[in-house]
$ cat input-v3.cif   # mmCIF, C-alpha atoms
data_input
#
loop_
_atom_site.group_PDB
_atom_site.id
_atom_site.type_symbol
_atom_site.label_atom_id
_atom_site.label_comp_id
_atom_site.auth_asym_id
_atom_site.auth_seq_id
_atom_site.Cartn_x
_atom_site.Cartn_y
_atom_site.Cartn_z
ATOM 1 C CA MET A 1 -40.145 37.796 -12.673
ATOM 2 C CA LYS A 2 -40.190 37.681 -16.451
ATOM 3 C CA ALA A 3 -40.372 34.392 -18.325
ATOM 4 C CA ARG A 4 -36.984 35.041 -19.875
ATOM 5 C CA THR A 5 -35.382 35.509 -16.444
ATOM 6 C CA ARG A 6 -37.028 32.327 -15.114
ATOM 7 C CA ARG A 7 -35.660 30.345 -18.056
ATOM 8 C CA ALA A 8 -32.157 31.746 -17.488
ATOM 9 C CA VAL A 9 -32.297 30.866 -13.770
ATOM 10 C CA ALA A 10 -33.620 27.359 -14.539
ATOM 11 C CA LEU A 11 -30.868 26.858 -17.126
ATOM 12 C CA ALA A 12 -28.189 28.046 -14.671
ATOM 13 C CA VAL A 13 -29.503 25.748 -11.912
ATOM 14 C CA GLY A 14 -29.606 22.820 -14.377
ATOM 15 C CA LEU A 15 -26.044 23.439 -15.528
ATOM 16 C CA LEU A 16 -24.815 23.691 -11.931
ATOM 17 C CA THR A 17 -26.559 20.427 -11.043
ATOM 18 C CA VAL A 18 -25.093 18.585 -14.037
ATOM 19 C CA GLY A 19 -21.643 20.040 -13.278
ATOM 20 C CA ALA A 20 -21.785 18.992 -9.621
ATOM 21 C CA ALA A 21 -22.982 15.492 -10.506
ATOM 22 C CA SER A 22 -20.198 15.132 -13.096
ATOM 23 C CA ALA A 23 -17.584 16.290 -10.602
ATOM 24 C CA LEU A 24 -18.786 13.758 -8.022
ATOM 25 C CA VAL A 25 -18.756 10.884 -10.517
ATOM 26 C CA LEU A 26 -15.277 11.750 -11.811
ATOM 27 C CA ASN A 27 -13.927 12.099 -8.261
ATOM 28 C CA ALA A 28 -15.339 8.693 -7.288
ATOM 29 C CA PHE A 29 -13.890 7.122 -10.429
ATOM 30 C CA ARG A 30 -10.454 8.637 -9.830
ATOM 31 C CA SER A 31 -10.325 7.513 -6.202
ATOM 32 C CA ASN A 32 -11.218 3.925 -7.178
ATOM 33 C CA LEU A 33 -8.790 3.698 -10.081
ATOM 34 C CA VAL A 34 -6.085 1.151 -9.297
ATOM 35 C CA PHE A 35 -2.914 0.903 -11.376
ATOM 36 C CA PHE A 36 -0.952 -2.272 -12.054
ATOM 37 C CA TYR A 37 2.814 -2.529 -11.558
ATOM 38 C CA SER A 38 5.292 -5.355 -12.010
ATOM 39 C CA PRO A 39 7.886 -6.192 -9.319
ATOM 40 C CA THR A 40 10.562 -4.598 -11.512
ATOM 41 C CA GLN A 41 8.617 -1.340 -11.603
ATOM 42 C CA VAL A 42 8.025 -1.434 -7.846
ATOM 43 C CA GLN A 43 11.745 -1.872 -7.155
ATOM 44 C CA ALA A 44 12.484 0.967 -9.585
ATOM 45 C CA LYS A 45 10.243 3.152 -7.362
ATOM 46 C CA GLU A 46 7.698 3.743 -10.140
ATOM 47 C CA ALA A 47 4.829 2.597 -7.893
ATOM 48 C CA PRO A 48 3.028 5.089 -5.631
ATOM 49 C CA ARG A 49 3.817 5.117 -1.912
ATOM 50 C CA ASP A 50 0.651 6.952 -0.894
ATOM 51 C CA ARG A 51 -2.104 4.930 -2.555
ATOM 52 C CA ALA A 52 -3.193 1.393 -3.328
ATOM 53 C CA PHE A 53 -2.065 -0.368 -6.490
ATOM 54 C CA ARG A 54 -1.868 -3.871 -7.923
ATOM 55 C CA ILE A 55 1.221 -5.996 -8.249
ATOM 56 C CA GLY A 56 1.278 -9.115 -10.342
ATOM 57 C CA GLY A 57 3.409 -11.911 -11.610
ATOM 58 C CA LEU A 58 4.198 -15.407 -10.435
ATOM 59 C CA VAL A 59 4.321 -16.723 -6.867
ATOM 60 C CA GLU A 60 8.014 -17.492 -6.436
ATOM 61 C CA GLU A 61 8.819 -21.166 -5.844
ATOM 62 C CA GLY A 62 9.690 -21.905 -2.210
ATOM 63 C CA SER A 63 8.628 -18.473 -0.957
ATOM 64 C CA VAL A 64 5.250 -19.282 0.613
ATOM 65 C CA LYS A 65 5.393 -19.183 4.424
ATOM 66 C CA ARG A 66 2.293 -19.478 6.585
ATOM 67 C CA ASP A 67 2.133 -18.295 10.194
ATOM 68 C CA ALA A 68 1.526 -21.197 12.570
ATOM 69 C CA LYS A 69 -1.305 -19.281 14.211
ATOM 70 C CA GLY A 70 -3.684 -17.139 12.229
ATOM 71 C CA LEU A 71 -4.334 -16.540 8.575
ATOM 72 C CA THR A 72 -1.237 -14.508 7.702
ATOM 73 C CA ILE A 73 0.793 -15.696 4.740
ATOM 74 C CA HIS A 74 4.087 -14.356 3.374
ATOM 75 C CA PHE A 75 5.204 -14.946 -0.214
ATOM 76 C CA GLN A 76 7.143 -13.335 -3.018
ATOM 77 C CA VAL A 77 5.735 -12.142 -6.336
ATOM 78 C CA THR A 78 8.203 -12.224 -9.211
ATOM 79 C CA ASP A 79 8.218 -11.195 -12.844
ATOM 80 C CA THR A 80 11.267 -13.462 -13.362
ATOM 81 C CA ALA A 81 13.561 -10.422 -13.140
ATOM 82 C CA ARG A 82 12.762 -9.071 -9.634
ATOM 83 C CA ALA A 83 10.736 -10.231 -6.635
ATOM 84 C CA ILE A 84 8.690 -8.293 -4.067
ATOM 85 C CA PRO A 85 7.767 -9.691 -0.626
ATOM 86 C CA VAL A 86 4.024 -9.754 0.008
ATOM 87 C CA THR A 87 2.091 -10.211 3.253
ATOM 88 C CA TYR A 88 -1.593 -11.095 3.241
ATOM 89 C CA THR A 89 -3.972 -11.882 6.085
ATOM 90 C CA GLY A 90 -7.103 -13.743 5.087
ATOM 91 C CA LEU A 91 -8.290 -16.697 3.086
ATOM 92 C CA LEU A 92 -6.462 -17.295 -0.162
ATOM 93 C CA PRO A 93 -8.149 -18.407 -3.384
ATOM 94 C CA ASP A 94 -8.192 -22.182 -3.857
ATOM 95 C CA LEU A 95 -5.997 -21.915 -6.949
ATOM 96 C CA PHE A 96 -3.229 -19.960 -5.178
ATOM 97 C CA GLN A 97 0.044 -21.897 -5.365
ATOM 98 C CA GLU A 98 3.751 -21.505 -6.018
ATOM 99 C CA GLY A 99 4.786 -20.974 -9.617
ATOM 100 C CA LYS A 100 1.326 -19.795 -10.668
ATOM 101 C CA GLY A 101 0.031 -16.369 -11.648
ATOM 102 C CA VAL A 102 -1.216 -13.977 -8.985
ATOM 103 C CA VAL A 103 -2.378 -10.377 -8.715
ATOM 104 C CA ALA A 104 -2.382 -8.712 -5.288
ATOM 105 C CA GLN A 105 -3.937 -5.362 -4.454
ATOM 106 C CA GLY A 106 -2.734 -3.274 -1.527
ATOM 107 C CA ARG A 107 -0.049 -0.818 -0.461
ATOM 108 C CA LEU A 108 3.722 -0.850 -0.296
ATOM 109 C CA GLY A 109 5.087 -0.292 3.196
ATOM 110 C CA ALA A 110 8.117 1.857 4.036
ATOM 111 C CA ASP A 111 9.971 -1.404 4.739
ATOM 112 C CA GLY A 112 9.500 -2.532 1.120
ATOM 113 C CA ILE A 113 6.911 -5.194 1.952
ATOM 114 C CA PHE A 114 3.691 -5.123 -0.039
ATOM 115 C CA ARG A 115 0.694 -5.498 2.285
ATOM 116 C CA ALA A 116 -2.126 -6.981 0.258
ATOM 117 C CA ASP A 117 -5.805 -6.405 0.969
ATOM 118 C CA GLN A 118 -6.873 -8.735 -1.813
ATOM 119 C CA VAL A 119 -5.203 -11.649 -3.617
ATOM 120 C CA LEU A 120 -6.460 -12.991 -6.934
ATOM 121 C CA ALA A 121 -5.261 -16.255 -8.489
ATOM 122 C CA LYS A 122 -5.662 -17.391 -12.052
ATOM 123 C CA HIS A 123 -8.802 -19.389 -12.741
ATOM 124 C CA ASP A 124 -7.474 -22.179 -14.980
ATOM 125 C CA GLU A 125 -4.297 -23.521 -16.520
ATOM 126 C CA ASN A 126 -4.360 -21.231 -19.539
ATOM 127 C CA TYR A 127 -5.373 -17.923 -17.988
ATOM 128 C CA MET A 128 -3.247 -15.143 -16.532
ATOM 129 C CA ALA A 129 -4.408 -11.576 -15.970
ATOM 130 C CA PRO A 130 -3.519 -9.583 -19.100
ATOM 131 C CA GLU A 131 -1.571 -7.041 -17.030
ATOM 132 C CA ALA A 132 0.462 -9.800 -15.361
ATOM 133 C CA ALA A 133 1.177 -11.559 -18.672
ATOM 134 C CA ASP A 134 2.220 -8.221 -20.170
ATOM 135 C CA ALA A 135 4.508 -7.444 -17.223
ATOM 136 C CA LEU A 136 6.172 -10.862 -17.465
ATOM 137 C CA ALA A 137 6.762 -10.373 -21.180
ATOM 138 C CA ARG A 138 8.270 -6.889 -20.598
ATOM 139 C CA ALA A 139 10.465 -8.174 -17.755
ATOM 140 C CA ARG A 140 11.826 -10.913 -19.995
ATOM 141 C CA ALA A 141 12.506 -8.283 -22.648
ATOM 142 C CA GLY A 142 14.160 -5.972 -20.086
ATOM 143 C CA GLN A 143 11.684 -3.109 -20.190
ATOM 144 C CA GLY A 144 8.781 -1.855 -18.077
ATOM 145 C CA SER A 145 5.965 0.673 -18.130
ATOM 146 C CA VAL A 146 2.805 1.436 -16.177
ATOM 147 C CA VAL A 147 -0.353 -0.324 -17.304
ATOM 148 C CA GLU A 148 -3.657 1.178 -16.201
ATOM 149 C CA GLY A 149 -5.773 -1.228 -14.189
ATOM 150 C CA SER A 150 -9.504 -1.298 -13.876
ATOM 151 C CA ALA A 151 -11.674 0.403 -11.312
ATOM 152 C CA ARG A 152 -12.682 -1.605 -8.264
#

$ encode --input "input-v3.cif" --output "structure tokens"
Amino acid sequence: MKARTRRAVALAVGLLTVGAASALVLNAFRSNLVFFYSPTQVQAKEAPRDRAFRIGGLVEEGSVKRDAKGLTIHFQVTDTARAIPVTYTGLLPDLFQEGKGVVAQGRLGADGIFRADQVLAKHDENYMAPEAADALARARAGQGSVVEGSAR
């Protein structure tokens, strides 16, 4: 085999390897990308039914109900315009409470109940996730749009 042919084969193999690695990285990134939606957007059917997403806002006052047995909790997340029922099984963050900011990640069931896999609460009195603060501001203004979340 001539040197020129060997270089062409090596270049082709290198390009194929880089292309395959890039495709794998982009596929992994896309599958872990989680979008954020407000309760208003979820009720407007803007949220996906077939994949996980994040919902955020405030824990509605008087909505927190704990099962007598087990770790299941039911609550409502509101953006002050609409509210979505959420069910979560597991330990909640210490700062989780009614009237405070929350972001839940999971899937929306066919029954309209959001089943959370993860619940995040704000970490101090002045902080709220930027997506949640943005959604609350848009809900108060009467508008809504999708905000891209971060990868897991």

$ resolve_selection --input "input-v3.cif" --expression "the PyMOL selection byres ((chain A and resi 51) around 12)" --output "list in words"
Arg30, Ser31, Asn32, Leu33, Val34, Phe35, Phe36, Ala47, Pro48, Arg49, Asp50, Ala52, Phe53, Arg54, Gln105, Gly106, Arg107, Leu108, Gly109, Phe114 and Arg115 of chain A

$ atom_distance --input "input-v3.cif" --atom1 "atom CA of Ala116 of chain A" --atom2 "atom CA of Tyr88 of chain A"
5.1 Å

$ closest_residue --input "input-v3.cif" --among "A:Gly19, A:Gly56, A:Gly62, A:Gly112" --to "Ala132 of chain A" --atoms "all atoms listed in the file"
A:Gly56

$ residues_near_point --input "input-v3.cif" --point "(2.0, -19.7, 7.2)" --cutoff "12 Å" --atoms "all atoms listed in the file" --output "list in words"
Ser63, Val64, Lys65, Arg66, Asp67, Ala68, Lys69, Gly70, Leu71, Thr72, Ile73, His74, Phe75, Thr87, Tyr88, Thr89, Gly90, Leu91 and Leu92 of chain A

$ residues_around --input "input-v3.cif" --residues "Ala83 of chain A" --least-positions-apart "4" --cutoff "12 Å" --atoms "all atoms listed in the file" --output "ChimeraX atom specification"
/A:38-44,55-61,63,75-79,112-114,136,139

$ atom_distance --input "input-v3.cif" --atom1 "atom CA of Leu120 of chain A" --atom2 "atom CA of Ala28 of chain A"
23.4 Å

$ atom_distance --input "input-v3.cif" --atom1 "atom CA of Gly101 of chain A" --atom2 "atom CA of Ala121 of chain A"
6.2 Å
